[in-house]
>>> print(open('model_22.cif').read())   # mmCIF, C-alpha atoms
data_final
#
loop_
_atom_site.label_atom_id
_atom_site.label_comp_id
_atom_site.auth_asym_id
_atom_site.auth_seq_id
_atom_site.Cartn_x
_atom_site.Cartn_y
_atom_site.Cartn_z
CA MET A 1 26.17 -52.19 19.45
CA LYS A 2 22.97 -51.65 17.48
CA ALA A 3 23.68 -54.70 15.33
CA TRP A 4 24.24 -56.84 18.44
CA GLN A 5 20.95 -55.65 19.95
CA SER A 6 19.14 -56.35 16.68
CA ASN A 7 20.56 -59.89 16.49
CA HIS A 8 19.66 -60.46 20.14
CA PHE A 9 16.08 -59.32 19.48
CA ILE A 10 15.75 -61.50 16.38
CA ALA A 11 17.15 -64.54 18.24
CA ASN A 12 14.66 -64.09 21.09
CA TRP A 13 11.65 -63.81 18.82
CA THR A 14 12.82 -66.62 16.55
CA GLY A 15 12.98 -68.87 19.61
CA SER A 16 9.50 -67.76 20.64
CA VAL A 17 8.09 -68.55 17.19
CA LEU A 18 9.65 -72.02 17.32
CA VAL A 19 8.12 -72.61 20.75
CA LEU A 20 4.71 -71.52 19.47
CA PHE A 21 5.06 -73.80 16.44
CA THR A 22 6.12 -76.76 18.61
CA CYS A 23 3.30 -76.24 21.12
CA ALA A 24 0.79 -75.88 18.28
CA ILE A 25 1.86 -79.23 16.80
CA VAL A 26 1.67 -80.97 20.19
CA ALA A 27 -1.73 -79.41 20.89
CA GLY A 28 -2.99 -80.47 17.47
CA PHE A 29 -2.06 -84.11 18.06
CA VAL A 30 -3.61 -84.01 21.54
CA PHE A 31 -6.90 -82.64 20.27
CA TYR A 32 -6.89 -85.19 17.47
CA SER A 33 -6.38 -87.96 20.05
CA LEU A 34 -9.21 -86.60 22.20
CA HIS A 35 -11.68 -87.10 19.37
CA HIS A 36 -10.33 -90.30 17.77
CA GLN A 37 -8.95 -92.37 20.65
CA GLN A 38 -10.26 -93.72 23.92
CA ASP A 39 -8.84 -93.14 27.40
CA VAL A 40 -6.57 -90.27 26.41
CA LEU A 41 -7.40 -88.42 29.63
CA ARG A 42 -6.70 -89.94 33.04
CA PHE A 43 -9.84 -88.33 34.46
CA ASN A 44 -12.79 -86.69 32.74
CA LEU A 45 -14.02 -83.14 33.18
CA PRO A 46 -16.89 -81.27 31.54
CA TYR A 47 -15.79 -79.67 28.28
CA PRO A 48 -12.35 -81.28 28.20
CA ASP A 49 -11.42 -79.45 24.99
CA VAL A 50 -11.87 -76.12 26.71
CA PHE A 51 -9.80 -77.14 29.74
CA VAL A 52 -7.00 -78.61 27.62
CA ALA A 53 -6.93 -75.51 25.41
CA ALA A 54 -6.83 -73.26 28.49
CA VAL A 55 -3.91 -75.15 30.03
CA PHE A 56 -2.00 -75.16 26.73
CA THR A 57 -2.62 -71.43 26.26
CA GLY A 58 -1.53 -70.69 29.82
CA PHE A 59 1.66 -72.70 29.38
CA VAL A 60 2.56 -70.84 26.18
CA MET A 61 1.67 -67.40 27.55
CA LEU A 62 3.75 -67.93 30.68
CA HIS A 63 6.67 -69.07 28.55
CA LEU A 64 6.45 -65.94 26.39
CA LEU A 65 6.18 -63.71 29.45
CA ARG A 66 9.35 -65.27 30.86
CA THR A 67 11.46 -65.23 27.73
CA THR A 68 10.36 -62.15 25.77
CA GLY A 69 9.41 -58.57 26.42
CA PRO A 70 10.93 -56.34 29.13
CA GLN A 71 13.42 -57.90 31.50
CA ARG A 72 11.87 -58.93 34.82
CA THR A 73 13.25 -59.32 38.29
CA ILE A 74 14.54 -62.71 39.39
CA ARG A 75 11.61 -63.05 41.78
CA SER A 76 8.96 -62.44 39.11
CA GLN A 77 10.74 -64.84 36.74
CA LYS A 78 10.73 -67.57 39.38
CA ILE A 79 7.03 -67.02 40.01
CA LEU A 80 6.27 -67.32 36.29
CA ALA A 81 8.49 -70.41 35.99
CA THR A 82 6.74 -72.06 38.94
CA ALA A 83 3.31 -71.35 37.46
CA GLN A 84 4.42 -72.70 34.08
CA PHE A 85 5.78 -75.85 35.74
CA SER A 86 2.42 -76.37 37.48
CA LEU A 87 0.61 -76.24 34.14
CA LEU A 88 3.17 -78.63 32.66
CA LEU A 89 2.53 -81.13 35.47
CA ILE A 90 -1.21 -80.89 34.84
CA LEU A 91 -0.68 -81.75 31.18
CA LEU A 92 1.79 -84.54 31.95
CA PHE A 93 -0.40 -86.34 34.47
CA TRP A 94 -3.74 -85.61 32.85
CA ILE A 95 -3.06 -86.54 29.22
CA LYS A 96 -1.78 -90.01 28.36
CA SER A 97 0.37 -89.07 25.39
CA GLY A 98 4.13 -89.15 25.28
CA LEU A 99 4.08 -86.08 23.04
CA ILE A 100 3.43 -83.94 26.12
CA LEU A 101 7.03 -84.60 27.15
CA ILE A 102 8.07 -82.39 24.22
CA LEU A 103 6.70 -79.48 26.27
CA SER A 104 8.95 -80.52 29.15
CA VAL A 105 11.92 -80.37 26.77
CA VAL A 106 10.91 -76.79 25.88
CA TYR A 107 10.51 -75.89 29.54
CA VAL A 108 13.82 -77.37 30.72
CA ALA A 109 15.72 -75.78 27.82
CA SER A 110 14.37 -72.34 28.77
CA LEU A 111 15.13 -72.85 32.46
CA VAL A 112 18.92 -72.58 32.06
CA TYR A 113 18.69 -68.77 32.24
CA LEU A 114 17.04 -68.96 35.63
CA ALA A 115 17.92 -72.15 37.54
CA GLN A 116 21.15 -73.93 38.44
CA LEU A 117 22.49 -76.75 36.31
CA ILE A 118 21.71 -79.39 38.95
CA VAL A 119 18.02 -78.40 38.93
CA CYS A 120 17.83 -78.58 35.12
CA LEU A 121 19.54 -81.99 35.08
CA ALA A 122 17.23 -83.31 37.79
CA LEU A 123 14.13 -82.26 35.83
CA ALA A 124 15.58 -83.67 32.61
CA LEU A 125 16.03 -87.08 34.26
CA ILE A 126 13.03 -87.25 36.58
CA MET A 127 10.20 -86.09 34.31
CA PRO A 128 10.59 -88.74 31.56
CA LEU A 129 11.14 -91.52 34.13
CA ALA A 130 8.17 -90.42 36.26
CA TYR A 131 5.89 -90.06 33.25
CA PHE A 132 6.55 -93.47 31.75
CA ALA A 133 6.53 -95.08 35.20
CA THR A 134 2.95 -93.83 35.71
CA THR A 135 1.81 -94.27 32.10
CA PRO A 136 2.24 -97.89 30.95
CA THR A 137 3.00 -98.00 27.24
CA SER A 138 5.02 -100.11 24.87
CA TYR A 139 8.78 -99.68 25.08
CA ASP A 140 8.64 -97.66 28.32
CA LEU A 141 12.35 -97.91 28.98
CA VAL A 142 13.31 -97.02 25.41
CA ASN A 143 10.97 -94.02 25.40
CA SER A 144 12.30 -92.89 28.75
CA LEU A 145 15.90 -93.03 27.55
CA LEU A 146 15.03 -91.27 24.31
CA PHE A 147 13.27 -88.38 26.05
CA ILE A 148 16.08 -88.12 28.59
CA ALA A 149 18.47 -87.82 25.64
CA TYR A 150 16.23 -85.12 24.10
CA HIS A 151 16.21 -83.19 27.36
CA LEU A 152 19.99 -83.40 27.75
CA PHE A 153 20.57 -82.42 24.13
CA ALA A 154 18.29 -79.38 24.52
CA LEU A 155 20.10 -78.46 27.73
CA ARG A 156 23.47 -78.66 26.00
CA LEU A 157 22.33 -76.37 23.20
CA SER A 158 20.74 -73.93 25.64
CA TYR A 159 23.92 -73.70 27.71
CA ALA A 160 25.95 -73.16 24.53
CA LEU A 161 23.64 -70.28 23.59
CA LEU A 162 23.82 -68.94 27.14
CA ASP A 163 27.63 -68.99 27.07
CA GLU A 164 27.63 -67.20 23.73
CA ARG A 165 25.21 -64.56 25.01
CA ARG A 166 27.30 -63.98 28.13
CA ALA A 167 30.45 -63.71 26.02
CA ASN A 168 28.76 -61.14 23.78
CA GLU A 169 27.61 -59.19 26.82
CA ARG A 170 31.12 -59.26 28.28
CA ASN A 171 32.59 -58.07 24.99
CA LYS A 172 30.00 -55.33 24.79
CA ALA A 173 30.74 -54.23 28.36
CA LEU A 174 34.49 -54.24 27.66
CA LEU A 175 34.03 -52.10 24.56
CA GLN A 176 31.94 -49.63 26.53
CA GLU A 177 34.53 -49.49 29.29
CA LEU A 178 37.30 -48.97 26.73
CA SER A 179 35.40 -46.16 25.02
CA ALA A 180 34.60 -44.51 28.35
CA THR A 181 38.21 -44.82 29.51
CA GLN A 182 39.40 -43.20 26.26
CA VAL A 183 36.96 -40.33 26.78
CA LEU A 184 38.20 -39.82 30.34
CA LEU A 185 41.87 -40.03 29.32
CA GLN A 186 41.41 -37.62 26.41
CA ASP A 187 39.60 -35.12 28.60
CA THR A 188 42.25 -35.42 31.32
CA ALA A 189 45.03 -35.00 28.75
CA LYS A 190 43.34 -31.91 27.30
CA ARG A 191 42.89 -30.46 30.78
CA ASP A 192 46.53 -31.08 31.67
CA GLU A 193 47.70 -29.57 28.37
CA ARG A 194 45.59 -26.45 28.89
CA LEU A 195 46.99 -26.03 32.40
CA ARG A 196 50.54 -26.50 31.09
CA ILE A 197 50.02 -23.87 28.41
CA ALA A 198 48.44 -21.50 30.93
CA ARG A 199 51.42 -21.90 33.29
CA ASP A 200 53.90 -21.43 30.44
CA ILE A 201 52.17 -18.27 29.26
CA HIS A 202 52.01 -16.91 32.79
CA ASP A 203 55.58 -17.83 33.69
CA SER A 204 57.32 -16.78 30.47
CA LEU A 205 55.29 -14.30 28.45
CA GLY A 206 53.57 -12.75 31.47
CA HIS A 207 56.77 -12.22 33.43
CA GLY A 208 58.57 -10.94 30.34
CA LEU A 209 55.87 -8.40 29.56
CA THR A 210 55.81 -7.27 33.18
CA ALA A 211 59.58 -6.73 33.14
CA LEU A 212 59.38 -4.88 29.82
CA ASN A 213 56.64 -2.65 31.21
CA LEU A 214 58.83 -1.73 34.15
CA GLN A 215 61.74 -0.88 31.82
CA LEU A 216 59.49 1.35 29.73
CA GLU A 217 58.35 3.20 32.83
CA LEU A 218 62.00 3.76 33.78
CA ALA A 219 62.87 4.91 30.24
CA GLN A 220 59.87 7.21 30.26
CA GLN A 221 61.07 8.85 33.47
CA LEU A 222 64.67 9.25 32.23
CA SER A 223 63.97 10.46 28.69
CA HIS A 224 61.79 13.52 28.17
CA SER A 225 62.32 13.74 24.40
CA ALA A 226 60.90 10.25 23.72
CA GLN A 227 57.78 10.62 25.85
CA PRO A 228 55.14 10.03 23.11
CA PRO A 229 56.69 6.86 21.61
CA LEU A 230 57.39 5.47 25.06
CA ALA A 231 53.86 6.20 26.21
CA GLN A 232 52.53 4.37 23.15
CA CYS A 233 54.80 1.39 23.83
CA LYS A 234 53.67 1.32 27.47
CA HIS A 235 50.05 1.38 26.36
CA ILE A 236 50.67 -1.57 24.02
CA ILE A 237 52.47 -3.53 26.74
CA THR A 238 49.61 -2.88 29.18
CA ASP A 239 47.09 -4.21 26.65
CA LEU A 240 49.23 -7.30 26.02
CA LEU A 241 49.44 -7.98 29.76
CA ALA A 242 45.67 -7.70 30.08
CA HIS A 243 45.14 -10.09 27.15
CA THR A 244 47.68 -12.51 28.61
CA ARG A 245 45.88 -12.54 31.96
CA ASP A 246 42.56 -13.11 30.20
CA THR A 247 44.02 -15.97 28.16
CA VAL A 248 45.46 -17.66 31.24
CA SER A 249 42.15 -17.26 33.11
CA THR A 250 40.24 -18.68 30.16
CA LEU A 251 42.52 -21.70 29.91
CA ARG A 252 42.21 -22.34 33.63
CA ALA A 253 38.43 -22.05 33.43
CA PHE A 254 38.39 -25.31 31.44
CA ASP A 255 40.32 -27.36 34.00
CA ASN A 256 37.32 -29.55 34.90
CA ILE A 257 37.33 -33.23 33.91
CA ASP A 258 34.24 -34.20 31.91
CA LEU A 259 33.33 -37.17 34.11
CA LYS A 260 29.71 -36.97 32.98
CA GLN A 261 30.66 -37.72 29.36
CA ALA A 262 32.84 -40.65 30.45
CA LEU A 263 30.01 -42.16 32.54
CA THR A 264 27.50 -41.57 29.74
CA THR A 265 29.76 -43.48 27.36
CA LEU A 266 30.19 -46.26 29.93
CA ILE A 267 26.45 -46.96 30.15
CA ALA A 268 25.62 -46.27 26.49
CA ASP A 269 23.38 -48.90 24.86
CA THR A 270 23.06 -50.83 28.14
CA VAL A 271 19.78 -52.74 27.90
CA HIS A 272 20.08 -55.38 30.64
CA PRO A 273 19.63 -53.88 33.11
CA VAL A 274 18.12 -50.55 32.06
CA THR A 275 20.67 -48.03 33.35
CA GLN A 276 20.17 -44.30 33.91
CA LEU A 277 22.64 -41.59 34.90
CA HIS A 278 21.55 -38.69 37.14
CA TYR A 279 24.40 -36.15 37.14
CA SER A 280 23.93 -32.84 38.93
CA GLU A 281 25.18 -29.77 37.08
CA ARG A 282 26.67 -28.52 40.35
CA VAL A 283 29.21 -31.34 40.31
CA LYS A 284 32.56 -30.34 38.83
CA VAL A 285 35.59 -32.60 39.23
CA ARG A 286 39.10 -31.23 38.83
CA ASP A 287 41.13 -33.88 40.65
CA ALA A 288 42.07 -36.80 38.40
CA ARG A 289 42.16 -39.11 41.44
CA ILE A 290 38.52 -38.37 42.25
CA ALA A 291 37.50 -38.78 38.61
CA GLU A 292 39.29 -42.12 38.41
CA LEU A 293 37.76 -43.32 41.70
CA LEU A 294 34.18 -42.53 40.65
CA PHE A 295 34.73 -43.96 37.18
CA ARG A 296 36.23 -47.22 38.49
CA ALA A 297 33.54 -47.48 41.17
CA THR A 298 30.84 -47.18 38.51
CA GLN A 299 32.58 -49.83 36.43
CA GLU A 300 32.74 -52.23 39.36
CA ALA A 301 29.13 -51.57 40.39
CA LEU A 302 27.82 -52.20 36.87
CA THR A 303 29.86 -55.40 36.59
CA ASN A 304 28.40 -56.70 39.86
CA VAL A 305 24.87 -55.79 38.83
CA ARG A 306 25.21 -57.60 35.49
CA LYS A 307 26.88 -60.71 36.88
CA HIS A 308 25.23 -61.27 40.24
CA ALA A 309 22.19 -59.08 40.89
CA TYR A 310 19.81 -60.24 38.12
CA ALA A 311 18.44 -56.70 38.19
CA THR A 312 16.16 -55.01 35.66
CA ARG A 313 17.00 -51.42 36.66
CA CYS A 314 20.13 -49.59 37.76
CA ASP A 315 20.35 -45.89 38.68
CA ILE A 316 23.65 -44.00 38.93
CA SER A 317 23.54 -40.67 40.73
CA LEU A 318 26.21 -38.03 41.35
CA TRP A 319 25.44 -34.82 43.22
CA ARG A 320 26.79 -32.29 45.71
CA GLN A 321 25.43 -31.75 49.21
CA GLN A 322 27.02 -28.96 51.21
CA GLN A 323 30.71 -29.86 51.45
CA TRP A 324 30.34 -33.44 50.22
CA LEU A 325 30.49 -35.01 46.79
CA LEU A 326 28.03 -37.93 46.77
CA TRP A 327 27.89 -40.93 44.42
CA ARG A 328 25.25 -43.65 44.45
CA VAL A 329 24.42 -46.78 42.45
CA GLU A 330 21.13 -48.52 43.23
CA ASP A 331 19.57 -51.60 41.60
CA ASP A 332 16.47 -53.76 42.09
CA GLY A 333 18.27 -57.11 42.09
CA MET A 334 18.95 -59.82 44.66
CA GLY A 335 20.87 -57.85 47.27
CA ILE A 336 24.34 -58.49 48.65
CA ASN A 337 25.92 -60.45 51.48
CA HIS A 338 27.99 -58.04 53.60
CA HIS A 339 30.21 -60.89 54.75
CA GLN A 340 31.24 -61.88 51.23
CA TRP A 341 32.69 -58.76 49.66
CA GLY A 342 34.69 -59.48 46.55
CA ASN A 343 38.04 -57.97 45.64
CA GLY A 344 36.28 -55.31 43.57
CA LEU A 345 34.36 -53.86 46.51
CA LYS A 346 37.40 -54.14 48.78
CA GLY A 347 39.51 -52.27 46.23
CA MET A 348 36.78 -49.64 45.91
CA GLN A 349 36.78 -49.14 49.68
CA GLU A 350 40.57 -48.76 49.72
CA ARG A 351 40.44 -46.08 47.01
CA VAL A 352 37.72 -44.22 48.90
CA MET A 353 39.67 -44.31 52.17
CA GLN A 354 42.76 -42.89 50.43
CA LEU A 355 40.71 -39.78 49.63
CA ASP A 356 39.28 -39.55 53.18
CA GLY A 357 35.87 -40.66 51.95
CA GLU A 358 33.36 -43.26 53.06
CA LEU A 359 31.82 -46.24 51.26
CA THR A 360 28.46 -47.62 52.41
CA VAL A 361 26.81 -50.77 51.07
CA THR A 362 23.11 -51.23 51.87
CA SER A 363 21.09 -54.35 51.10
CA LEU A 364 17.51 -53.27 50.34
CA ALA A 365 14.31 -55.30 50.29
CA THR A 366 14.70 -55.52 46.52
CA GLY A 367 18.22 -54.67 45.49
CA THR A 368 21.46 -53.09 46.64
CA ARG A 369 22.60 -49.50 47.15
CA LEU A 370 26.23 -48.37 47.08
CA ASP A 371 27.09 -44.89 48.40
CA ILE A 372 30.38 -42.99 48.30
CA ALA A 373 30.80 -39.70 50.16
CA LEU A 374 33.91 -37.61 49.43
CA PRO A 375 34.82 -34.37 51.19
CA LEU A 376 34.88 -31.46 48.77
CA GLY A 377 38.07 -29.48 48.33
CA ALA A 378 39.45 -27.06 45.79
CA GLU A 379 40.22 -29.97 43.48
CA ALA A 380 36.71 -31.42 43.32
CA ASP A 381 34.41 -28.48 43.66
CA SER A 382 33.52 -25.22 42.08
CA ASP A 383 30.48 -23.01 41.94
#
>>> encode(input="model_22.cif", output="structure tokens")
Amino acid sequence: MKAWQSNHFIANWTGSVLVLFTCAIVAGFVFYSLHHQQDVLRFNLPYPDVFVAAVFTGFVMLHLLRTTGPQRTIRSQKILATAQFSLLLILLFWIKSGLILILSVVYVASLVYLAQLIVCLALALIMPLAYFATTPTSYDLVNSLLFIAYHLFALRLSYALLDERRANERNKALLQELSATQVLLQDTAKRDERLRIARDIHDSLGHGLTALNLQLELAQQLSHSAQPPLAQCKHIITDLLAHTRDTVSTLRAFDNIDLKQALTTLIADTVHPVTQLHYSERVKVRDARIAELLFRATQEALTNVRKHAYATRCDISLWRQQQWLLWRVEDDGMGINHHQWGNGLKGMQERVMQLDGELTVTSLATGTRLDIALPLGAEADSD
């Protein structure tokens, strides 16, 4: 996991350095043209160098804000992308140099993480054609076709990288789910084995010692000559019975399923989105059905958040309120359409109804909240 995160970090910053290097080269040629060529700008402003430098700097800074640093909400990313596109249009229709289209290649290639394919393709086709249609130069058609090819090639590489990143994220999520499932299964197996041993001790050794104690009492009443040895044997049997009861009680005291450890393993090393678990110490789960329901519900919720919500934060909470066991997952993503529940949410609702619980899905102003309420019984609760 750590190695994957390190490679992801290096890839992001390597791409940022390449963007900076590319923009620096384009800016250098533009500034050279400003001082050595005529009619480079479509319209003149006071201190053109300062304005050009400001627009270039703004374009680069907005690109870095979008593609590096902490993950942002889909809304903030769209705002940054729109502002960056505005600066790109200023450069394209202010400076008469085909090199500016290199910046559009950079922009379109970075847009695949945010916009649909049809939008990226439209920009890749329209921007070169519009630029050379409004900027008469030699070989307009050839230059237009070449820059369209550059845009499409950059798009193809970006989508290949995006597919690889998504595949890595899916593999990472599957490994986390496998590890968490193993933790839950091991804990459930240990719990079941302890209960089996406790029952065996109680049913065999406990009953046998009780019967032996009764026989000793009878022998003690019938035989007056063997009173001291029988009294000693009865004392030993009484101590063994007490120890047996203590052992059975101790084994049964560990019959809780460590759901907290399973959920902690499930969200371990989750970076996108940042996920936190809030698990009340009052919550103790003994029923394997409840443990499986809450574990699978968390799995499904995290999968939906990663695939559809474009969220930056996800909070998982589990607590007890009076005679209810409450579970909640809340994110700051795009929200959910109540009329388009997938099979995952439908299956979650069916599991909840089987345990006489209730599932509530709430679409917030920024995000989605899933709530499960389960009635507490002897299986799920203890204080």
>>> atom_distance(input="model_22.cif", atom1="CA of Thr303 (chain A)", atom2="CA of Ala109 (chain A)")
26.3 Å
>>> residues_around(input="model_22.cif", residues="region 129-140 of chain A", least_positions_apart="5", cutoff="12 Å", atoms="all atoms listed in the file", output="PyMOL selection string")
chain A and resi 39-42+88-101+104+122-124+145-149+151
>>> closest_residue(input="model_22.cif", among="A:Leu174, A:Val112, A:Met348, A:Ile74", to="Thr366 (chain A)", atoms="all atoms listed in the file")
A:Ile74
>>> resolve_selection(input="model_22.cif", expression="the PyMOL selection byres ((chain A and resi 259) around 12)", output="number ranges by chain")
A: 180-188, 256-258, 260-266, 277, 279-281, 283-296, 298, 318, 380
>>> write_last_selection(input="model_22.cif", atoms="C-alpha atoms", output="PDB file, in the coordinates of the input")
ATOM      1  CA  ALA A 180      34.600 -44.510  28.350  1.00  0.00           C
ATOM      2  CA  THR A 181      38.210 -44.820  29.510  1.00  0.00           C
ATOM      3  CA  GLN A 182      39.400 -43.200  26.260  1.00  0.00           C
ATOM      4  CA  VAL A 183      36.960 -40.330  26.780  1.00  0.00           C
ATOM      5  CA  LEU A 184      38.200 -39.820  30.340  1.00  0.00           C
ATOM      6  CA  LEU A 185      41.870 -40.030  29.320  1.00  0.00           C
ATOM      7  CA  GLN A 186      41.410 -37.620  26.410  1.00  0.00           C
ATOM      8  CA  ASP A 187      39.600 -35.120  28.600  1.00  0.00           C
ATOM      9  CA  THR A 188      42.250 -35.420  31.320  1.00  0.00           C
ATOM     10  CA  ASN A 256      37.320 -29.550  34.900  1.00  0.00           C
ATOM     11  CA  ILE A 257      37.330 -33.230  33.910  1.00  0.00           C
ATOM     12  CA  ASP A 258      34.240 -34.200  31.910  1.00  0.00           C
ATOM     13  CA  LYS A 260      29.710 -36.970  32.980  1.00  0.00           C
ATOM     14  CA  GLN A 261      30.660 -37.720  29.360  1.00  0.00           C
ATOM     15  CA  ALA A 262      32.840 -40.650  30.450  1.00  0.00           C
ATOM     16  CA  LEU A 263      30.010 -42.160  32.540  1.00  0.00           C
ATOM     17  CA  THR A 264      27.500 -41.570  29.740  1.00  0.00           C
ATOM     18  CA  THR A 265      29.760 -43.480  27.360  1.00  0.00           C
ATOM     19  CA  LEU A 266      30.190 -46.260  29.930  1.00  0.00           C
ATOM     20  CA  LEU A 277      22.640 -41.590  34.900  1.00  0.00           C
ATOM     21  CA  TYR A 279      24.400 -36.150  37.140  1.00  0.00           C
ATOM     22  CA  SER A 280      23.930 -32.840  38.930  1.00  0.00           C
ATOM     23  CA  GLU A 281      25.180 -29.770  37.080  1.00  0.00           C
ATOM     24  CA  VAL A 283      29.210 -31.340  40.310  1.00  0.00           C
ATOM     25  CA  LYS A 284      32.560 -30.340  38.830  1.00  0.00           C
ATOM     26  CA  VAL A 285      35.590 -32.600  39.230  1.00  0.00           C
ATOM     27  CA  ARG A 286      39.100 -31.230  38.830  1.00  0.00           C
ATOM     28  CA  ASP A 287      41.130 -33.880  40.650  1.00  0.00           C
ATOM     29  CA  ALA A 288      42.070 -36.800  38.400  1.00  0.00           C
ATOM     30  CA  ARG A 289      42.160 -39.110  41.440  1.00  0.00           C
ATOM     31  CA  ILE A 290      38.520 -38.370  42.250  1.00  0.00           C
ATOM     32  CA  ALA A 291      37.500 -38.780  38.610  1.00  0.00           C
ATOM     33  CA  GLU A 292      39.290 -42.120  38.410  1.00  0.00           C
ATOM     34  CA  LEU A 293      37.760 -43.320  41.700  1.00  0.00           C
ATOM     35  CA  LEU A 294      34.180 -42.530  40.650  1.00  0.00           C
ATOM     36  CA  PHE A 295      34.730 -43.960  37.180  1.00  0.00           C
ATOM     37  CA  ARG A 296      36.230 -47.220  38.490  1.00  0.00           C
ATOM     38  CA  THR A 298      30.840 -47.180  38.510  1.00  0.00           C
ATOM     39  CA  LEU A 318      26.210 -38.030  41.350  1.00  0.00           C
ATOM     40  CA  ALA A 380      36.710 -31.420  43.320  1.00  0.00           C
TER      41      ALA A 380
END
>>> atom_distance(input="model_22.cif", atom1="CA of Val50 (chain A)", atom2="CA of Ile25 (chain A)")
17.2 Å
>>> atom_distance(input="model_22.cif", atom1="CA of Trp324 (chain A)", atom2="CA of Leu376 (chain A)")
5.2 Å
>>> resolve_selection(input="model_22.cif", expression="the PyMOL selection byres ((chain A and resi 273) around 10)", output="list of chain:residue names")
A:Pro70, A:Gln71, A:Arg72, A:Thr73, A:Thr270, A:Val271, A:His272, A:Val274, A:Thr275, A:Gln276, A:Leu302, A:Val305, A:Arg306, A:Ala309, A:Tyr310, A:Ala311, A:Thr312, A:Arg313, A:Cys314, A:Asp315, A:Asp331, A:Asp332, A:Gly333
>>> residues_around(input="model_22.cif", residues="Leu62 (chain A)", least_positions_apart="3", cutoff="7 Å", atoms="only C-alpha atoms", output="compact mmCIF listing (two decimals) with C-alpha atoms, keeping the file's coordinate frame")
# COMPACT_ATOMS: atom_id res chain seq x y z
CA GLY A 58 -1.53 -70.69 29.82
CA PHE A 59 1.66 -72.70 29.38
CA LEU A 65 6.18 -63.71 29.45
CA ARG A 66 9.35 -65.27 30.86
CA LEU A 80 6.27 -67.32 36.29
CA GLN A 84 4.42 -72.70 34.08
>>> resolve_selection(input="model_22.cif", expression="the PyMOL selection byres ((chain A and resi 327) around 9)", output="ChimeraX atom specification")
/A:294,316-320,325-326,328-329,370-374
>>> build_atoms(input="model_22.cif", residues="region 364-378 of chain A", atoms="N, CA and C atoms", output="PDB file, keeping the file's coordinate frame")
ATOM      1  N   LEU A 364      18.907 -53.693  50.260  1.00  0.00           N
ATOM      2  CA  LEU A 364      17.510 -53.270  50.340  1.00  0.00           C
ATOM      3  C   LEU A 364      16.592 -54.478  50.253  1.00  0.00           C
ATOM      4  N   ALA A 365      15.290 -54.221  50.422  1.00  0.00           N
ATOM      5  CA  ALA A 365      14.310 -55.300  50.290  1.00  0.00           C
ATOM      6  C   ALA A 365      14.360 -55.904  48.899  1.00  0.00           C
ATOM      7  N   THR A 366      14.533 -55.059  47.909  1.00  0.00           N
ATOM      8  CA  THR A 366      14.700 -55.520  46.520  1.00  0.00           C
ATOM      9  C   THR A 366      15.871 -54.775  45.901  1.00  0.00           C
ATOM     10  N   GLY A 367      17.070 -55.275  46.133  1.00  0.00           N
ATOM     11  CA  GLY A 367      18.220 -54.670  45.490  1.00  0.00           C
ATOM     12  C   GLY A 367      19.318 -54.267  46.441  1.00  0.00           C
ATOM     13  N   THR A 368      20.278 -53.519  45.904  1.00  0.00           N
ATOM     14  CA  THR A 368      21.460 -53.090  46.640  1.00  0.00           C
ATOM     15  C   THR A 368      21.726 -51.619  46.339  1.00  0.00           C
ATOM     16  N   ARG A 369      22.225 -50.902  47.351  1.00  0.00           N
ATOM     17  CA  ARG A 369      22.600 -49.500  47.150  1.00  0.00           C
ATOM     18  C   ARG A 369      24.031 -49.294  47.624  1.00  0.00           C
ATOM     19  N   LEU A 370      24.858 -48.731  46.758  1.00  0.00           N
ATOM     20  CA  LEU A 370      26.230 -48.370  47.080  1.00  0.00           C
ATOM     21  C   LEU A 370      26.332 -46.853  47.141  1.00  0.00           C
ATOM     22  N   ASP A 371      26.922 -46.334  48.237  1.00  0.00           N
ATOM     23  CA  ASP A 371      27.090 -44.890  48.400  1.00  0.00           C
ATOM     24  C   ASP A 371      28.544 -44.571  48.681  1.00  0.00           C
ATOM     25  N   ILE A 372      29.048 -43.522  48.032  1.00  0.00           N
ATOM     26  CA  ILE A 372      30.380 -42.990  48.300  1.00  0.00           C
ATOM     27  C   ILE A 372      30.218 -41.511  48.637  1.00  0.00           C
ATOM     28  N   ALA A 373      30.807 -41.095  49.743  1.00  0.00           N
ATOM     29  CA  ALA A 373      30.800 -39.700  50.160  1.00  0.00           C
ATOM     30  C   ALA A 373      32.244 -39.215  50.223  1.00  0.00           C
ATOM     31  N   LEU A 374      32.561 -38.159  49.475  1.00  0.00           N
ATOM     32  CA  LEU A 374      33.910 -37.610  49.430  1.00  0.00           C
ATOM     33  C   LEU A 374      33.873 -36.162  49.885  1.00  0.00           C
ATOM     34  N   PRO A 375      34.792 -35.767  50.770  1.00  0.00           N
ATOM     35  CA  PRO A 375      34.820 -34.370  51.190  1.00  0.00           C
ATOM     36  C   PRO A 375      35.259 -33.473  50.041  1.00  0.00           C
ATOM     37  N   LEU A 376      34.568 -32.354  49.875  1.00  0.00           N
ATOM     38  CA  LEU A 376      34.880 -31.460  48.770  1.00  0.00           C
ATOM     39  C   LEU A 376      36.046 -30.562  49.140  1.00  0.00           C
ATOM     40  N   GLY A 377      36.966 -30.392  48.177  1.00  0.00           N
ATOM     41  CA  GLY A 377      38.070 -29.480  48.330  1.00  0.00           C
ATOM     42  C   GLY A 377      38.191 -28.635  47.080  1.00  0.00           C
ATOM     43  N   ALA A 378      39.255 -27.918  46.964  1.00  0.00           N
ATOM     44  CA  ALA A 378      39.450 -27.060  45.790  1.00  0.00           C
ATOM     45  C   ALA A 378      39.567 -27.887  44.526  1.00  0.00           C
TER      46      ALA A 378
END
